[in-house]
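Just input-v2.pdb here, PDB, C-alpha atoms and all ligand atoms:
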ATOM      1  CA  MET B   1      56.697  60.921 143.115  1.00  0.00           C
ATOM      2  CA  THR B   2      56.711  59.397 139.623  1.00  0.00           C
ATOM      3  CA  ASP B   3      58.044  55.886 139.008  1.00  0.00           C
ATOM      4  CA  THR B   4      61.122  57.330 137.327  1.00  0.00           C
ATOM      5  CA  SER B   5      61.983  59.702 140.136  1.00  0.00           C
ATOM      6  CA  ARG B   6      61.312  56.970 142.714  1.00  0.00           C
ATOM      7  CA  ARG B   7      63.706  54.696 140.812  1.00  0.00           C
ATOM      8  CA  GLN B   8      66.328  57.462 140.717  1.00  0.00           C
ATOM      9  CA  PHE B   9      65.822  58.036 144.417  1.00  0.00           C
ATOM     10  CA  ILE B  10      66.345  54.361 145.190  1.00  0.00           C
ATOM     11  CA  GLN B  11      69.381  54.184 142.907  1.00  0.00           C
ATOM     12  CA  ALA B  12      70.904  57.186 144.629  1.00  0.00           C
ATOM     13  CA  ALA B  13      70.066  55.652 147.997  1.00  0.00           C
ATOM     14  CA  SER B  14      72.203  52.618 147.174  1.00  0.00           C
ATOM     15  CA  PHE B  15      75.300  54.900 147.220  1.00  0.00           C
ATOM     16  CA  ALA B  16      76.701  53.320 144.060  1.00  0.00           C
ATOM     17  CA  PRO B  17      78.478  55.990 142.033  1.00  0.00           C
ATOM     18  CA  ALA B  18      77.075  56.301 138.530  1.00  0.00           C
ATOM     19  CA  ALA B  19      78.940  54.272 135.923  1.00  0.00           C
ATOM     20  CA  GLY B  20      82.254  55.819 134.975  1.00  0.00           C
ATOM     21  CA  VAL B  21      82.398  58.203 137.903  1.00  0.00           C
ATOM     22  CA  ALA B  22      84.236  55.963 140.325  1.00  0.00           C
ATOM     23  CA  ALA B  23      87.265  55.563 138.054  1.00  0.00           C
ATOM     24  CA  ALA B  24      88.680  59.066 138.373  1.00  0.00           C
ATOM     25  CA  SER B  25      87.618  62.248 140.051  1.00  0.00           C
ATOM     26  CA  LYS B  26      87.768  64.997 137.526  1.00  0.00           C
ATOM     27  CA  VAL B  27      86.948  67.863 139.837  1.00  0.00           C
ATOM     28  CA  GLY B  28      90.145  69.744 140.616  1.00  0.00           C
ATOM     29  CA  ARG B  29      88.766  72.460 142.828  1.00  0.00           C
ATOM     30  CA  TRP B  30      85.509  73.760 144.230  1.00  0.00           C
ATOM     31  CA  THR B  31      85.017  77.247 145.627  1.00  0.00           C
ATOM     32  CA  VAL B  32      82.146  78.897 147.440  1.00  0.00           C
ATOM     33  CA  ILE B  33      81.435  82.163 145.600  1.00  0.00           C
ATOM     34  CA  THR B  34      78.741  83.578 147.915  1.00  0.00           C
ATOM     35  CA  ILE B  35      78.022  82.243 151.400  1.00  0.00           C
ATOM     36  CA  GLY B  36      74.259  82.286 151.672  1.00  0.00           C
ATOM     37  CA  ASN B  37      71.932  83.472 154.408  1.00  0.00           C
ATOM     38  CA  LEU B  38      68.229  83.050 155.168  1.00  0.00           C
ATOM     39  CA  SER B  39      65.602  85.771 155.237  1.00  0.00           C
ATOM     40  CA  ARG B  40      64.599  84.526 158.708  1.00  0.00           C
ATOM     41  CA  ASN B  41      66.428  82.007 160.885  1.00  0.00           C
ATOM     42  CA  ARG B  42      64.750  80.226 163.779  1.00  0.00           C
ATOM     43  CA  TYR B  43      68.187  79.280 165.141  1.00  0.00           C
ATOM     44  CA  TRP B  44      68.868  82.990 165.578  1.00  0.00           C
ATOM     45  CA  GLY B  45      65.659  83.320 167.581  1.00  0.00           C
ATOM     46  CA  GLU B  46      63.684  84.675 164.639  1.00  0.00           C
ATOM     47  CA  SER B  47      60.074  83.908 163.734  1.00  0.00           C
ATOM     48  CA  ASP B  48      59.208  82.166 160.475  1.00  0.00           C
ATOM     49  CA  ALA B  49      56.292  84.583 160.033  1.00  0.00           C
ATOM     50  CA  LYS B  50      57.999  87.282 157.973  1.00  0.00           C
ATOM     51  CA  PRO B  51      61.290  88.071 156.219  1.00  0.00           C
ATOM     52  CA  LEU B  52      63.785  90.161 158.161  1.00  0.00           C
ATOM     53  CA  ARG B  53      66.460  90.525 155.499  1.00  0.00           C
ATOM     54  CA  GLU B  54      67.124  89.666 151.880  1.00  0.00           C
ATOM     55  CA  ALA B  55      67.949  85.984 151.360  1.00  0.00           C
ATOM     56  CA  ILE B  56      71.049  85.105 149.362  1.00  0.00           C
ATOM     57  CA  CYS B  57      71.782  81.520 148.428  1.00  0.00           C
ATOM     58  CA  THR B  58      75.138  79.816 148.594  1.00  0.00           C
ATOM     59  CA  CYS B  59      76.688  79.788 145.124  1.00  0.00           C
ATOM     60  CA  THR B  60      79.553  77.408 144.327  1.00  0.00           C
ATOM     61  CA  LEU B  61      81.939  77.005 141.422  1.00  0.00           C
ATOM     62  CA  ILE B  62      83.024  73.420 140.622  1.00  0.00           C
ATOM     63  CA  GLY B  63      86.027  73.316 138.316  1.00  0.00           C
ATOM     64  CA  GLY B  64      87.680  70.453 136.487  1.00  0.00           C
ATOM     65  CA  GLY B  65      89.235  69.408 133.187  1.00  0.00           C
ATOM     66  CA  GLY B  66      87.616  71.699 130.638  1.00  0.00           C
ATOM     67  CA  PHE B  67      84.679  72.884 132.726  1.00  0.00           C
ATOM     68  CA  GLN B  68      83.696  75.541 135.241  1.00  0.00           C
ATOM     69  CA  LEU B  69      80.264  74.683 136.609  1.00  0.00           C
ATOM     70  CA  LEU B  70      78.471  77.341 138.652  1.00  0.00           C
ATOM     71  CA  VAL B  71      75.778  76.074 141.040  1.00  0.00           C
ATOM     72  CA  ASP B  72      72.830  78.364 141.908  1.00  0.00           C
ATOM     73  CA  PRO B  73      73.899  81.815 140.605  1.00  0.00           C
ATOM     74  CA  SER B  74      72.909  83.969 143.539  1.00  0.00           C
ATOM     75  CA  LEU B  75      73.191  87.668 142.786  1.00  0.00           C
ATOM     76  CA  ALA B  76      70.677  89.615 140.698  1.00  0.00           C
ATOM     77  CA  ASP B  77      73.071  92.537 140.275  1.00  0.00           C
ATOM     78  CA  ALA B  78      75.351  91.749 137.305  1.00  0.00           C
ATOM     79  CA  SER B  79      78.355  93.717 138.523  1.00  0.00           C
ATOM     80  CA  LEU B  80      78.120  92.225 142.032  1.00  0.00           C
ATOM     81  CA  MET B  81      77.889  88.687 140.625  1.00  0.00           C
ATOM     82  CA  ALA B  82      80.950  89.319 138.447  1.00  0.00           C
ATOM     83  CA  LYS B  83      82.780  90.936 141.353  1.00  0.00           C
ATOM     84  CA  GLU B  84      82.201  87.987 143.712  1.00  0.00           C
ATOM     85  CA  LEU B  85      83.214  85.481 141.019  1.00  0.00           C
ATOM     86  CA  ASP B  86      86.404  87.456 140.400  1.00  0.00           C
ATOM     87  CA  ARG B  87      87.096  87.985 144.084  1.00  0.00           C
ATOM     88  CA  ARG B  88      86.892  84.256 144.824  1.00  0.00           C
ATOM     89  CA  THR B  89      88.318  82.715 141.623  1.00  0.00           C
ATOM     90  CA  GLY B  90      89.810  85.391 139.357  1.00  0.00           C
ATOM     91  CA  LEU B  91      87.387  84.259 136.643  1.00  0.00           C
ATOM     92  CA  LYS B  92      85.041  86.342 134.495  1.00  0.00           C
ATOM     93  CA  PRO B  93      81.387  85.404 133.828  1.00  0.00           C
ATOM     94  CA  GLY B  94      82.420  84.382 130.297  1.00  0.00           C
ATOM     95  CA  ASP B  95      84.754  81.745 131.775  1.00  0.00           C
ATOM     96  CA  VAL B  96      81.814  79.851 133.313  1.00  0.00           C
ATOM     97  CA  THR B  97      81.061  76.848 131.095  1.00  0.00           C
ATOM     98  CA  ALA B  98      77.744  75.841 132.610  1.00  0.00           C
ATOM     99  CA  VAL B  99      75.293  76.832 135.309  1.00  0.00           C
ATOM    100  CA  PHE B 100      73.218  74.335 137.312  1.00  0.00           C
ATOM    101  CA  VAL B 101      70.075  75.382 139.193  1.00  0.00           C
ATOM    102  CA  THR B 102      68.992  73.064 142.027  1.00  0.00           C
ATOM    103  CA  HIS B 103      65.321  74.084 142.171  1.00  0.00           C
ATOM    104  CA  GLU B 104      62.828  76.667 141.048  1.00  0.00           C
ATOM    105  CA  HIS B 105      63.004  79.179 143.924  1.00  0.00           C
ATOM    106  CA  GLY B 106      64.010  82.615 142.680  1.00  0.00           C
ATOM    107  CA  ASP B 107      66.961  83.178 145.005  1.00  0.00           C
ATOM    108  CA  HIS B 108      68.693  80.173 143.393  1.00  0.00           C
ATOM    109  CA  PHE B 109      68.675  81.582 139.869  1.00  0.00           C
ATOM    110  CA  ALA B 110      68.759  85.332 140.576  1.00  0.00           C
ATOM    111  CA  GLY B 111      72.011  85.731 138.623  1.00  0.00           C
ATOM    112  CA  ILE B 112      71.376  83.305 135.750  1.00  0.00           C
ATOM    113  CA  GLU B 113      71.098  85.989 133.060  1.00  0.00           C
ATOM    114  CA  HIS B 114      74.676  87.135 133.764  1.00  0.00           C
ATOM    115  CA  PHE B 115      75.949  83.907 132.164  1.00  0.00           C
ATOM    116  CA  PRO B 116      74.605  84.087 128.606  1.00  0.00           C
ATOM    117  CA  LYS B 117      77.480  82.062 127.131  1.00  0.00           C
ATOM    118  CA  ALA B 118      77.192  79.146 129.569  1.00  0.00           C
ATOM    119  CA  ALA B 119      74.984  76.076 129.184  1.00  0.00           C
ATOM    120  CA  TRP B 120      72.000  76.344 131.543  1.00  0.00           C
ATOM    121  CA  PHE B 121      71.238  73.037 133.247  1.00  0.00           C
ATOM    122  CA  ALA B 122      68.650  71.852 135.737  1.00  0.00           C
ATOM    123  CA  ALA B 123      67.356  68.333 136.395  1.00  0.00           C
ATOM    124  CA  ALA B 124      64.683  67.553 133.786  1.00  0.00           C
ATOM    125  CA  PRO B 125      61.604  68.215 135.989  1.00  0.00           C
ATOM    126  CA  VAL B 126      63.162  71.427 137.344  1.00  0.00           C
ATOM    127  CA  ALA B 127      64.103  72.583 133.826  1.00  0.00           C
ATOM    128  CA  GLU B 128      60.489  72.017 132.815  1.00  0.00           C
ATOM    129  CA  ILE B 129      59.199  74.183 135.688  1.00  0.00           C
ATOM    130  CA  LEU B 130      61.738  76.940 134.970  1.00  0.00           C
ATOM    131  CA  ASN B 131      61.048  76.938 131.224  1.00  0.00           C
ATOM    132  CA  ARG B 132      57.306  77.124 131.879  1.00  0.00           C
ATOM    133  CA  LYS B 133      57.834  80.409 133.744  1.00  0.00           C
ATOM    134  CA  GLY B 134      58.672  81.977 130.374  1.00  0.00           C
ATOM    135  CA  THR B 135      60.680  84.750 132.056  1.00  0.00           C
ATOM    136  CA  PHE B 136      64.173  83.780 130.909  1.00  0.00           C
ATOM    137  CA  SER B 137      66.053  84.843 127.790  1.00  0.00           C
ATOM    138  CA  ARG B 138      67.000  81.201 127.155  1.00  0.00           C
ATOM    139  CA  ARG B 139      65.720  77.718 127.911  1.00  0.00           C
ATOM    140  CA  PHE B 140      67.189  75.453 130.557  1.00  0.00           C
ATOM    141  CA  GLU B 141      68.484  72.123 129.269  1.00  0.00           C
ATOM    142  CA  PRO B 142      67.633  68.932 131.139  1.00  0.00           C
ATOM    143  CA  ALA B 143      70.861  67.901 132.893  1.00  0.00           C
ATOM    144  CA  PRO B 144      72.317  64.474 132.154  1.00  0.00           C
ATOM    145  CA  ALA B 145      72.787  62.069 135.101  1.00  0.00           C
ATOM    146  CA  VAL B 146      76.467  63.025 135.223  1.00  0.00           C
ATOM    147  CA  LEU B 147      77.736  66.448 134.205  1.00  0.00           C
ATOM    148  CA  PHE B 148      81.157  66.635 132.508  1.00  0.00           C
ATOM    149  CA  GLY B 149      81.848  63.016 133.467  1.00  0.00           C
ATOM    150  CA  ALA B 150      82.501  64.086 137.047  1.00  0.00           C
ATOM    151  CA  VAL B 151      79.495  65.610 138.782  1.00  0.00           C
ATOM    152  CA  GLU B 152      76.453  63.455 139.559  1.00  0.00           C
ATOM    153  CA  VAL B 153      72.970  64.941 139.553  1.00  0.00           C
ATOM    154  CA  ILE B 154      71.024  63.361 142.435  1.00  0.00           C
ATOM    155  CA  PRO B 155      67.363  63.725 143.401  1.00  0.00           C
ATOM    156  CA  THR B 156      66.968  65.282 146.862  1.00  0.00           C
ATOM    157  CA  PRO B 157      63.212  65.768 147.322  1.00  0.00           C
ATOM    158  CA  GLY B 158      61.476  67.359 150.297  1.00  0.00           C
ATOM    159  CA  HIS B 159      62.197  71.095 150.167  1.00  0.00           C
ATOM    160  CA  THR B 160      60.561  70.924 146.747  1.00  0.00           C
ATOM    161  CA  SER B 161      59.343  67.702 145.183  1.00  0.00           C
ATOM    162  CA  THR B 162      61.791  67.876 142.264  1.00  0.00           C
ATOM    163  CA  HIS B 163      64.834  69.335 144.042  1.00  0.00           C
ATOM    164  CA  HIS B 164      68.198  67.974 142.797  1.00  0.00           C
ATOM    165  CA  ALA B 165      71.698  68.325 144.250  1.00  0.00           C
ATOM    166  CA  LEU B 166      75.178  67.656 142.863  1.00  0.00           C
ATOM    167  CA  ARG B 167      77.656  65.095 144.198  1.00  0.00           C
ATOM    168  CA  PHE B 168      81.315  64.844 143.248  1.00  0.00           C
ATOM    169  CA  ASP B 169      84.685  63.704 144.570  1.00  0.00           C
ATOM    170  CA  CYS B 170      87.537  66.105 145.208  1.00  0.00           C
ATOM    171  CA  ASP B 171      90.737  65.608 147.213  1.00  0.00           C
ATOM    172  CA  GLY B 172      89.491  62.185 148.311  1.00  0.00           C
ATOM    173  CA  ARG B 173      86.268  63.509 149.809  1.00  0.00           C
ATOM    174  CA  ALA B 174      82.708  63.204 148.613  1.00  0.00           C
ATOM    175  CA  VAL B 175      81.144  66.634 148.360  1.00  0.00           C
ATOM    176  CA  VAL B 176      77.445  67.436 147.953  1.00  0.00           C
ATOM    177  CA  ALA B 177      76.300  70.843 146.759  1.00  0.00           C
ATOM    178  CA  ALA B 178      72.938  70.407 148.420  1.00  0.00           C
ATOM    179  CA  GLY B 179      70.967  73.496 147.461  1.00  0.00           C
ATOM    180  CA  ASP B 180      67.984  73.842 149.784  1.00  0.00           C
ATOM    181  CA  SER B 181      67.827  70.120 150.572  1.00  0.00           C
ATOM    182  CA  VAL B 182      70.022  71.393 153.437  1.00  0.00           C
ATOM    183  CA  ALA B 183      69.244  74.961 154.542  1.00  0.00           C
ATOM    184  CA  THR B 184      72.078  75.629 157.016  1.00  0.00           C
ATOM    185  CA  ARG B 185      74.280  73.628 159.386  1.00  0.00           C
ATOM    186  CA  ASP B 186      71.822  74.204 162.268  1.00  0.00           C
ATOM    187  CA  TYR B 187      68.868  72.963 160.229  1.00  0.00           C
ATOM    188  CA  TRP B 188      70.986  69.942 159.196  1.00  0.00           C
ATOM    189  CA  ARG B 189      71.812  68.989 162.792  1.00  0.00           C
ATOM    190  CA  GLU B 190      68.121  68.600 163.583  1.00  0.00           C
ATOM    191  CA  ARG B 191      67.218  67.314 160.104  1.00  0.00           C
ATOM    192  CA  ARG B 192      64.810  70.224 159.999  1.00  0.00           C
ATOM    193  CA  SER B 193      63.390  71.800 156.865  1.00  0.00           C
ATOM    194  CA  TYR B 194      63.115  75.492 156.240  1.00  0.00           C
ATOM    195  CA  TYR B 195      59.576  76.739 156.832  1.00  0.00           C
ATOM    196  CA  ASN B 196      58.606  76.614 153.141  1.00  0.00           C
ATOM    197  CA  ALA B 197      59.369  72.917 152.533  1.00  0.00           C
ATOM    198  CA  VAL B 198      56.677  70.975 150.671  1.00  0.00           C
ATOM    199  CA  ASP B 199      57.366  67.706 152.594  1.00  0.00           C
ATOM    200  CA  ALA B 200      59.455  68.001 155.771  1.00  0.00           C
ATOM    201  CA  GLY B 201      59.345  64.233 156.449  1.00  0.00           C
ATOM    202  CA  LEU B 202      60.729  63.431 153.019  1.00  0.00           C
ATOM    203  CA  ALA B 203      63.305  66.219 153.419  1.00  0.00           C
ATOM    204  CA  ALA B 204      64.537  64.629 156.669  1.00  0.00           C
ATOM    205  CA  LYS B 205      64.920  61.268 154.898  1.00  0.00           C
ATOM    206  CA  THR B 206      66.853  63.006 152.126  1.00  0.00           C
ATOM    207  CA  MET B 207      69.194  64.560 154.723  1.00  0.00           C
ATOM    208  CA  ASP B 208      69.758  61.130 156.316  1.00  0.00           C
ATOM    209  CA  ARG B 209      70.670  59.808 152.883  1.00  0.00           C
ATOM    210  CA  LEU B 210      73.023  62.732 152.226  1.00  0.00           C
ATOM    211  CA  ALA B 211      74.745  62.020 155.551  1.00  0.00           C
ATOM    212  CA  ARG B 212      75.774  58.657 154.104  1.00  0.00           C
ATOM    213  CA  LEU B 213      76.667  60.055 150.659  1.00  0.00           C
ATOM    214  CA  ALA B 214      78.776  63.047 151.637  1.00  0.00           C
ATOM    215  CA  GLY B 215      81.873  63.966 153.605  1.00  0.00           C
ATOM    216  CA  ILE B 216      81.273  67.645 153.017  1.00  0.00           C
ATOM    217  CA  ILE B 217      77.929  69.392 152.577  1.00  0.00           C
ATOM    218  CA  ILE B 218      77.556  72.752 150.869  1.00  0.00           C
ATOM    219  CA  PRO B 219      74.111  73.886 152.099  1.00  0.00           C
ATOM    220  CA  GLY B 220      71.760  76.282 150.339  1.00  0.00           C
ATOM    221  CA  HIS B 221      72.118  79.192 152.761  1.00  0.00           C
ATOM    222  CA  ASP B 222      75.305  78.725 154.811  1.00  0.00           C
ATOM    223  CA  ASN B 223      79.001  77.972 154.535  1.00  0.00           C
ATOM    224  CA  TYR B 224      80.110  74.381 153.847  1.00  0.00           C
ATOM    225  CA  PHE B 225      80.710  71.926 156.684  1.00  0.00           C
ATOM    226  CA  ALA B 226      82.068  68.413 157.334  1.00  0.00           C
ATOM    227  CA  VAL B 227      79.493  65.686 157.921  1.00  0.00           C
TER     228      VAL B 227
HETATM  229 ZN    ZN U 301      64.344  76.983 148.094  1.00  0.00          ZN
END

Output the file's structure as structure tokens, nothing else.
Ligand SMILES: [Zn+2]
Amino acid sequence: MTDTSRRQFIQAASFAPAAGVAAASKVGRWTVITIGNLSRNRYWGESDAKPLREAICTCTLIGGGGFQLLVDPSLADASLMAKELDRRTGLKPGDVTAVFVTHEHGDHFAGIEHFPKAAWFAAAPVAEILNRKGTFSRRFEPAPAVLFGAVEVIPTPGHTSTHHALRFDCDGRAVVAAGDSVATRDYWRERRSYYNAVDAGLAAKTMDRLARLAGIIIPGHDNYFAV
């Protein structure tokens, strides 16, 4: 961990909302667009050794004054992505203002190209990794600490070393769109990492921290749940 990311981690661990965020929640509504699933799930009695089905990540739309922020665009098929967005929100891909990608695993940006008009954000170290791939039609922008004055970008290392999640307030509850820092509700209960985590011990510490930061968790591959 670099000094900067360690500092960010400690700042986030102090639970103090970033300056300006505490005053007013600007998120009006959040909606799960696709409920994710894992390619193999030990809590279903499956081995970690090989994939048994296609993995889809949980994709969420966070909407507020003047923004529609899509987290982890999940579907590689353009018409399916548009269909799910419409089915859950009535919006078209062109209505999405910005997309945020939590980390560099392919299932979390499978649908990114279907949002050519949106800003593409990832936390700075994740944006760097994604841009280095050289496989996208556009570059990812390093996300500011707070997106649209309402959605905090918080470091959640463990699954990957540079993984970042989003935290916001809505209807009086703190919500964390956790990406793969939380795989599913079952993994969360045992503070267990998915098999491909780079540092399971750090991931467990991150989950403990999220338990204090969040009233609702939106995991990377499951429906949302109350903490
Ligand atoms: Zn992942």

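If you measure from each of B:Pro142, B:Gly106, B:Gly90, B:Pro51 to ligand ZN 301 (chain U) using all atoms listed in the file, the closest one turns out to be B:Gly106.
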
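All residues of protein, DNA or RNA that reach within 6 Å of segment 70-84 of chain B, judged by all atoms listed in the file and not counting those fewer than 6 positions away in the chain, are Cys57, Cys59, Thr60, Leu61, Val99, Phe100, Val101, His108, Phe109, Ala110, Gly111, Ile112 and His114 of chain B.
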
Keeping only C-alpha atoms, write the selected residues to a file as a tab-separated table (two decimals), keeping the file's coordinate frame.
chain	number	residue	atom	x	y	z
B	57	CYS	CA	71.78	81.52	148.43
B	59	CYS	CA	76.69	79.79	145.12
B	60	THR	CA	79.55	77.41	144.33
B	61	LEU	CA	81.94	77.00	141.42
B	99	VAL	CA	75.29	76.83	135.31
B	100	PHE	CA	73.22	74.33	137.31
B	101	VAL	CA	70.08	75.38	139.19
B	108	HIS	CA	68.69	80.17	143.39
B	109	PHE	CA	68.68	81.58	139.87
B	110	ALA	CA	68.76	85.33	140.58
B	111	GLY	CA	72.01	85.73	138.62
B	112	ILE	CA	71.38	83.30	135.75
B	114	HIS	CA	74.68	87.14	133.76

Using all atoms listed in the file, tabulate the residues of chain B lying at most 8 Å from any atom of ligand ZN 301 (chain U), each with its closest atom pair and that distance in Å to one decimal, by chain and increasing residue number, as CSV.
residue,atom,partner,partner_atom,distance
B:His103,CA,U:ZN301,ZN,6.7
B:Glu104,CA,U:ZN301,ZN,7.2
B:His105,CA,U:ZN301,ZN,4.9
B:Gly106,CA,U:ZN301,ZN,7.8
B:Asp107,CA,U:ZN301,ZN,7.4
B:His108,CA,U:ZN301,ZN,7.2
B:His159,CA,U:ZN301,ZN,6.6
B:Thr160,CA,U:ZN301,ZN,7.3
B:Gly179,CA,U:ZN301,ZN,7.5
B:Asp180,CA,U:ZN301,ZN,5.1
B:Asn196,CA,U:ZN301,ZN,7.7
B:Ala197,CA,U:ZN301,ZN,7.8
B:Gly220,CA,U:ZN301,ZN,7.8

I would like the residues chosen by the PyMOL selection byres (((chain B and resi 207) around 12) and not hetatm) on the shown file; could you give them as a ChimeraX atom specification? /B:13,155-159,165,176,178-185,187-193,200-206,208-214,217,219,227

Min atom-atom distance to Ile62 of chain B from the set B:Val146, B:Val27, B:Ala123, B:Ile129, counting all atoms listed in the file, belongs to B:Val27

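What the PyMOL selection byres (((chain B and resi 52) around 7) and not hetatm) matches in the given file is Ser39, Arg40, Lys50, Pro51 and Arg53 of chain B.
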
Measure the distance from atom CA of Lys117 of chain B to atom CA of Ala55 of chain B in Å and round it to one decimal.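 So the answer is 26.3 Å.
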
Measure the distance from atom CA of Ile154 of chain B to atom CA of Tyr43 of chain B in Å and round it to one decimal.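 These two atoms are separated by 27.9 Å.
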
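We find atom CA of Thr31 of chain B and atom CA of Ala127 of chain B to be spaced 24.5 Å apart.
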
Which of B:Ile35, B:Glu141, B:Asn131, B:Lys26 sits closest to Tyr224 of chain B [using all atoms listed in the file]: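 Of the candidates, the smallest distance to Tyr224 of chain B is held by B:Ile35.
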
Can you tell me, as a PyMOL selection string, what residues are no more than 9 Å from Asp95 of chain B when counting only C-alpha atoms, ignoring any on the same chain fewer than 6 positions away? chain B and resi 67-68+117-118

Mind writing the picked residues with C-alpha atoms as a PDB file, in the frame of the given file?
ATOM      1  CA  PHE B  67      84.679  72.884 132.726  1.00  0.00           C
ATOM      2  CA  GLN B  68      83.696  75.541 135.241  1.00  0.00           C
ATOM      3  CA  LYS B 117      77.480  82.062 127.131  1.00  0.00           C
ATOM      4  CA  ALA B 118      77.192  79.146 129.569  1.00  0.00           C
TER       5      ALA B 118
END

Can you pull out every residue within 6 Å of Ala98 of chain B, counting all atoms listed in the file, but drop anything in the same chain fewer than 5 positions away, and send it as an MDAnalysis selection string? chainID B and resid 69 118:120

Care to translate the PyMOL selection byres (((chain B and resi 144) around 10) and not hetatm) into actual residues of this file, as a list of chain:residue names?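 Output of the PyMOL selection byres (((chain B and resi 144) around 10) and not hetatm): B:Phe121, B:Ala122, B:Ala123, B:Ala124, B:Glu141, B:Pro142, B:Ala143, B:Ala145, B:Val146, B:Leu147, B:Phe148, B:Gly149, B:Val151, B:Glu152, B:Val153.
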
My list of candidates is B:Leu38, B:Ile33, B:Ala49, B:Ala150. Which is closest to Gly66 of chain B when distances are computed with all atoms listed in the file?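 Between B:Leu38, B:Ile33, B:Ala49, B:Ala150, the residue approaching Gly66 of chain B most closely is B:Ala150.
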
If you count all atoms listed in the file, the residue of B:His221, B:Ile216, B:Asp186, B:Val198 closest to Arg173 of chain B turns out to be B:Ile216

Residue completion, segment 81-98 of chain B, N, CA and C atoms, as a CSV table (one decimal), in the frame of the given file:
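Full text of part14.csv as output:
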chain,number,residue,atom,x,y,z
B,81,MET,N,77.6,90.1,140.9
B,81,MET,CA,77.9,88.7,140.6
B,81,MET,C,79.3,88.5,140.0
B,82,ALA,N,79.6,89.4,139.1
B,82,ALA,CA,81.0,89.3,138.4
B,82,ALA,C,82.0,89.6,139.5
B,83,LYS,N,81.8,90.6,140.3
B,83,LYS,CA,82.8,90.9,141.4
B,83,LYS,C,83.1,89.8,142.3
B,84,GLU,N,82.0,89.1,142.8
B,84,GLU,CA,82.2,88.0,143.7
B,84,GLU,C,82.9,86.8,143.0
B,85,LEU,N,82.6,86.6,141.8
B,85,LEU,CA,83.2,85.5,141.0
B,85,LEU,C,84.7,85.8,140.9
B,86,ASP,N,85.0,87.0,140.6
B,86,ASP,CA,86.4,87.5,140.4
B,86,ASP,C,87.1,87.4,141.7
B,87,ARG,N,86.5,87.9,142.8
B,87,ARG,CA,87.1,88.0,144.1
B,87,ARG,C,87.5,86.6,144.6
B,88,ARG,N,86.7,85.6,144.3
B,88,ARG,CA,86.9,84.3,144.8
B,88,ARG,C,87.7,83.3,143.9
B,89,THR,N,87.7,83.6,142.6
B,89,THR,CA,88.3,82.7,141.6
B,89,THR,C,89.2,83.4,140.6
B,90,GLY,N,89.1,84.7,140.4
B,90,GLY,CA,89.8,85.4,139.4
B,90,GLY,C,89.2,85.2,138.0
B,91,LEU,N,88.0,84.5,137.9
B,91,LEU,CA,87.4,84.3,136.6
B,91,LEU,C,86.4,85.3,136.3
B,92,LYS,N,86.1,85.4,135.0
B,92,LYS,CA,85.0,86.3,134.5
B,92,LYS,C,83.8,85.5,134.2
B,93,PRO,N,82.6,86.2,134.2
B,93,PRO,CA,81.4,85.4,133.8
B,93,PRO,C,81.5,84.6,132.5
B,94,GLY,N,82.2,85.1,131.6
B,94,GLY,CA,82.4,84.4,130.3
B,94,GLY,C,83.2,83.1,130.4
B,95,ASP,N,84.0,83.0,131.5
B,95,ASP,CA,84.8,81.7,131.8
B,95,ASP,C,83.9,80.6,132.3
B,96,VAL,N,82.7,80.9,132.8
B,96,VAL,CA,81.8,79.9,133.3
B,96,VAL,C,81.2,79.0,132.2
B,97,THR,N,81.5,77.7,132.2
B,97,THR,CA,81.1,76.8,131.1
B,97,THR,C,79.6,76.5,131.2
B,98,ALA,N,79.1,76.3,132.4
B,98,ALA,CA,77.7,75.8,132.6
B,98,ALA,C,77.2,76.3,134.0
